[in-house]
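See below for the structure under consideration.
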Amino acid sequence: MPGEGPSAAISAATVATLVALWWLATHLGWIAPLYLPAPEAIVKAFADASRGDIQGGQSLAVHFGWSLWRVLAAFAAACVTAIPIGLAMGVSRVARGIFDPPIEFYRPLPPLSYLPLIVIWFGIDETAKIILIYLACFAPLAMAARAGVRSASIEQIHAAYSMGATPMQVVRHVILPAALPEILTGMRIAIGFGWTTLVAAEMVAATAGLGQMVLNASNFLRTDIVIMGIVVIGAIAYAFDLAMRRLETKLVPWRGKI
């Protein structure tokens with residue numbers, strides 16, 4: 001798109017400026033290392049974590065693998081359930097009356113507010129962690145799918161029915177393609193919510209995971225590992241967002257061009 005080159009250059013310059021200010025603040029003694037370690041300390045923490053030379057003795061790859069599995073499992077389960085429910089809410093008053101109240105009730109709640117209840121119901125194993133992330137992903141996906149139904153024009157629906165299409169065929173061939181851009185946007189938002197809920201999910205007796213690594217490091221005042229973990233979590237979230245943008249470009253290339 002026009003302007004992407006200058007925008008990328010400005011973003012790169014901004015990041016370089018922030019890192020330079022960070023380096024100056026730490027090396028000139030403006031901020032104590034306990035509160036903000038130097039950039040090279042973060043690089044060293046990354047190298048130590050990659051080798052497993054941190055508290056717990058598990059490598060960064062192990063923590064990353066556990067976190068990735070939890071988030072992807074919850075996200076996949078949310079896609080399989082939330083998208084059909086959202087489509088049903090968009091086309092059926094009955095489905096909307098059934099699902100709208102509970103979704104709208106819990107959607108604004110922060111995950112930590114119902115984390116104790118999930119622990120009571122499902123224990124402290126992996127099930128509780130995945131359910132917590134699943135609930136964070138479910139609401140934005142369902143709402144996006146419901147909103148996407150409005151993108152299908154009534155003329156398209158009537159035309160499909162006039163050609164003998166069944167209700168399921170109308171949903172599959174008319175409503176779903178029209179709702180796909182909104183659904184993909186909801187998926188981008190949901191995967192972001194999943195990652196933001198990761199630390200809360202891994203507070204539940206986790207022994208491995210990026211969130212657990214950060215929390216464990218904070219107990220030992222290892223600010224370098226905490227910042228390194230935050231950077232890794234943010235970088236992975238950004239990578240997921242870029243992947244979702246690319247998927248959106250492939251699946252709905254007409255978006256923004258009509």
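Every chain in the structure tokens has a letter given in the order shown (A, B, ...), and although residue numbers restart at 1 in each chain, ligands are simply numbered from 1 in the order shown.
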
Show me, as JSON lines, the residues of range 82-131 of chain A having an atom within 8 Å of range 202-206 of chain A, each with the closest atom pair and its distance in Å, using only C-alpha atoms.
```
{"residue": "A:Val119", "atom": "CA", "partner": "A:Val204", "partner_atom": "CA", "distance": 7.7}
{"residue": "A:Ile124", "atom": "CA", "partner": "A:Val204", "partner_atom": "CA", "distance": 5.8}
{"residue": "A:Asp125", "atom": "CA", "partner": "A:Ala205", "partner_atom": "CA", "distance": 7.5}
{"residue": "A:Ala128", "atom": "CA", "partner": "A:Val204", "partner_atom": "CA", "distance": 7.8}
{"residue": "A:Lys129", "atom": "CA", "partner": "A:Glu202", "partner_atom": "CA", "distance": 6.6}
```

Export of the given selection (C-alpha atoms) as a compact mmCIF listing (two decimals), in the first residue's frame:
```txt
# COMPACT_ATOMS: atom_id res chain seq x y z
CA VAL A 119 -9.83 -23.47 39.58
CA ILE A 124 -5.16 -26.76 38.72
CA ASP A 125 -4.12 -28.91 35.79
CA ALA A 128 -8.14 -24.84 33.86
CA LYS A 129 -5.44 -22.92 31.98
```

Using only C-alpha atoms, what table do you get, as CSV, when you list each residue of range 108-127 of chain A with an atom no more than 12 Å from range 138-160 of chain A, its nearest pair of atoms, and their distance in Å rounded to one decimal, rows by chain then rising number?
```
residue,atom,partner,partner_atom,distance
A:Pro108,CA,A:Ala139,CA,9.3
A:Leu109,CA,A:Ala139,CA,10.8
A:Pro111,CA,A:Ala139,CA,12.0
```

For this session: Name the residues of range 12-229 of chain A that fall into alpha helix (DSSP H) according to DSSP on the backbone, using the chain letters and numbers of this document, as a PyMOL selection string.
Result: chain A and resi 12-27+39-51+60-91+93-106+111-122+126-149+154-162+167-170+176-196+198-201+210-219+223-229

Exercise. Using only C-alpha atoms, which residues sit within 12 Å of Ile191 in chain A once same-chain residues fewer than 2 positions away are excluded, as an MDAnalysis selection string?
Worked result: chainID A and resid 68 70:79 133:141 184:189 193:198 236:244

Generate the output file for the selected residues, N, CA and C atoms, as a CSV table (one decimal), in the first residue's frame.
```csv
chain,number,residue,atom,x,y,z
A,68,LEU,N,2.8,-21.9,23.8
A,68,LEU,CA,2.2,-21.9,22.5
A,68,LEU,C,1.2,-23.0,22.4
A,70,ARG,N,-0.8,-24.1,24.9
A,70,ARG,CA,-1.9,-23.7,25.6
A,70,ARG,C,-2.8,-22.7,24.8
A,71,VAL,N,-2.1,-21.7,24.2
A,71,VAL,CA,-2.8,-20.7,23.5
A,71,VAL,C,-3.4,-21.2,22.3
A,72,LEU,N,-2.7,-22.0,21.5
A,72,LEU,CA,-3.2,-22.5,20.2
A,72,LEU,C,-4.4,-23.5,20.5
A,73,ALA,N,-4.3,-24.3,21.5
A,73,ALA,CA,-5.3,-25.3,21.8
A,73,ALA,C,-6.6,-24.5,22.2
A,74,ALA,N,-6.5,-23.5,23.0
A,74,ALA,CA,-7.6,-22.7,23.4
A,74,ALA,C,-8.2,-21.9,22.2
A,75,PHE,N,-7.3,-21.4,21.4
A,75,PHE,CA,-7.7,-20.6,20.3
A,75,PHE,C,-8.5,-21.4,19.3
A,76,ALA,N,-7.9,-22.6,19.0
A,76,ALA,CA,-8.6,-23.6,18.1
A,76,ALA,C,-10.0,-24.0,18.6
A,77,ALA,N,-10.1,-24.3,19.9
A,77,ALA,CA,-11.4,-24.6,20.4
A,77,ALA,C,-12.4,-23.5,20.3
A,78,ALA,N,-11.9,-22.2,20.6
A,78,ALA,CA,-12.7,-21.1,20.5
A,78,ALA,C,-13.2,-20.9,19.0
A,79,CYS,N,-12.3,-21.1,18.0
A,79,CYS,CA,-12.7,-20.9,16.6
A,79,CYS,C,-13.8,-21.9,16.3
A,133,ILE,N,-8.0,-19.3,28.9
A,133,ILE,CA,-7.6,-18.7,27.6
A,133,ILE,C,-8.8,-18.8,26.6
A,134,TYR,N,-9.4,-19.9,26.6
A,134,TYR,CA,-10.6,-20.2,25.7
A,134,TYR,C,-11.7,-19.1,25.9
A,135,LEU,N,-12.0,-18.8,27.2
A,135,LEU,CA,-13.0,-17.9,27.4
A,135,LEU,C,-12.6,-16.5,27.0
A,136,ALA,N,-11.3,-16.2,27.1
A,136,ALA,CA,-10.8,-14.9,26.6
A,136,ALA,C,-11.0,-14.7,25.1
A,137,CYS,N,-10.8,-15.9,24.4
A,137,CYS,CA,-10.9,-15.8,22.9
A,137,CYS,C,-12.3,-15.9,22.4
A,138,PHE,N,-13.2,-16.6,23.2
A,138,PHE,CA,-14.5,-16.9,22.7
A,138,PHE,C,-15.3,-15.7,22.4
A,139,ALA,N,-15.4,-14.8,23.3
A,139,ALA,CA,-16.4,-13.6,23.1
A,139,ALA,C,-16.0,-12.8,21.9
A,140,PRO,N,-14.8,-12.3,21.7
A,140,PRO,CA,-14.5,-11.5,20.5
A,140,PRO,C,-14.8,-12.3,19.2
A,141,LEU,N,-14.6,-13.6,19.2
A,141,LEU,CA,-14.8,-14.4,18.0
A,141,LEU,C,-16.3,-14.4,17.7
A,184,LEU,N,-12.2,-12.8,10.5
A,184,LEU,CA,-10.7,-12.8,10.5
A,184,LEU,C,-10.2,-11.7,11.5
A,185,THR,N,-10.9,-10.5,11.5
A,185,THR,CA,-10.6,-9.5,12.4
A,185,THR,C,-10.8,-10.0,13.8
A,186,GLY,N,-11.9,-10.7,14.1
A,186,GLY,CA,-12.2,-11.2,15.4
A,186,GLY,C,-11.1,-12.2,15.8
A,187,MET,N,-10.6,-13.0,14.8
A,187,MET,CA,-9.5,-13.9,15.2
A,187,MET,C,-8.2,-13.2,15.6
A,188,ARG,N,-7.9,-12.1,14.9
A,188,ARG,CA,-6.8,-11.3,15.3
A,188,ARG,C,-6.9,-10.8,16.7
A,189,ILE,N,-8.1,-10.3,17.0
A,189,ILE,CA,-8.4,-9.8,18.4
A,189,ILE,C,-8.3,-10.9,19.4
A,193,PHE,N,-6.1,-11.4,22.8
A,193,PHE,CA,-6.6,-11.6,24.1
A,193,PHE,C,-6.1,-12.9,24.7
A,194,GLY,N,-5.9,-13.9,23.9
A,194,GLY,CA,-5.3,-15.2,24.4
A,194,GLY,C,-3.9,-15.0,25.0
A,195,TRP,N,-3.1,-14.2,24.3
A,195,TRP,CA,-1.8,-14.0,24.9
A,195,TRP,C,-1.8,-13.1,26.1
A,196,THR,N,-2.7,-12.1,26.1
A,196,THR,CA,-2.7,-11.3,27.3
A,196,THR,C,-3.2,-12.0,28.5
A,197,THR,N,-4.0,-13.1,28.3
A,197,THR,CA,-4.5,-13.9,29.4
A,197,THR,C,-3.5,-15.0,29.8
A,198,LEU,N,-2.4,-15.1,29.0
A,198,LEU,CA,-1.4,-16.2,29.2
A,198,LEU,C,-0.8,-16.2,30.6
A,236,ILE,N,6.1,-12.6,19.9
A,236,ILE,CA,5.2,-13.7,19.4
A,236,ILE,C,3.8,-13.2,19.1
A,237,ALA,N,3.3,-12.3,19.9
A,237,ALA,CA,2.0,-11.8,19.6
A,237,ALA,C,2.0,-11.0,18.3
A,238,TYR,N,3.0,-10.2,18.1
A,238,TYR,CA,3.2,-9.5,16.9
A,238,TYR,C,3.3,-10.4,15.7
A,239,ALA,N,4.0,-11.5,15.8
A,239,ALA,CA,4.2,-12.4,14.7
A,239,ALA,C,2.8,-13.1,14.4
A,240,PHE,N,2.0,-13.4,15.4
A,240,PHE,CA,0.7,-13.9,15.2
A,240,PHE,C,-0.2,-12.9,14.4
A,241,ASP,N,-0.1,-11.7,14.8
A,241,ASP,CA,-0.9,-10.6,14.2
A,241,ASP,C,-0.5,-10.5,12.7
A,242,LEU,N,0.8,-10.5,12.4
A,242,LEU,CA,1.3,-10.5,11.0
A,242,LEU,C,0.8,-11.7,10.2
A,243,ALA,N,0.8,-12.9,10.9
A,243,ALA,CA,0.3,-14.1,10.2
A,243,ALA,C,-1.2,-14.0,9.9
A,244,MET,N,-1.9,-13.4,10.8
A,244,MET,CA,-3.3,-13.2,10.6
A,244,MET,C,-3.6,-12.2,9.5
```

For this session: Work out how far apart CA of Trp121 in chain A and CA of Ala201 in chain A are and give it in Å to one decimal.
Result: 14.6 Å

Exercise. Between CA of Thr26 in chain A and CA of Pro39 in chain A, what is the distance, to one decimal in Å?
Worked result: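 About the pair CA of Thr26 in chain A and CA of Pro39 in chain A: they are 8.4 Å apart.
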
For this session: Can you work out which one of A:Thr17, A:Pro181, A:Gly164, A:Tyr114 has the shortest atom-to-atom distance to Leu247 in chain A, counting only C-alpha atoms?
Result: A:Pro181

Exercise. What separation in Å, quoted to one decimal, exists between CA of Gly29 in chain A and CA of Val226 in chain A?
Worked result: 20.2 Å

Problem set entry | Leu60 in chain A surroundings by only C-alpha atoms, 7 Å radius, close-in-sequence under 3 positions cut, as number ranges by chain | A: 49-50, 52, 63-64

Exercise. From the list A:Ile85, A:Ala38, A:Ile31, A:Ala217, which residue is nearest Val19 in chain A when using only C-alpha atoms?
Worked result: A:Ala38

Problem set entry | Pick from A:Val15, A:Gln55, A:Pro33, A:Ser7, whichever lies nearest to Thr223 in chain A using only C-alpha atoms |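 Closest candidate: A:Pro33.
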
For this session: Can you pull out every residue within 12 Å of range 56-59 of chain A, counting only C-alpha atoms, but drop anything in the same chain fewer than 6 positions away, and send it as a PyMOL selection string?
Result: chain A and resi 45-50+65-66+206-210+212-217+220

Exercise. For Gly211 in chain A, which residue out of A:Ile233, A:Trp69, A:Val80, A:Met228 is the nearest one, using only C-alpha atoms?
Worked result: A:Ile233
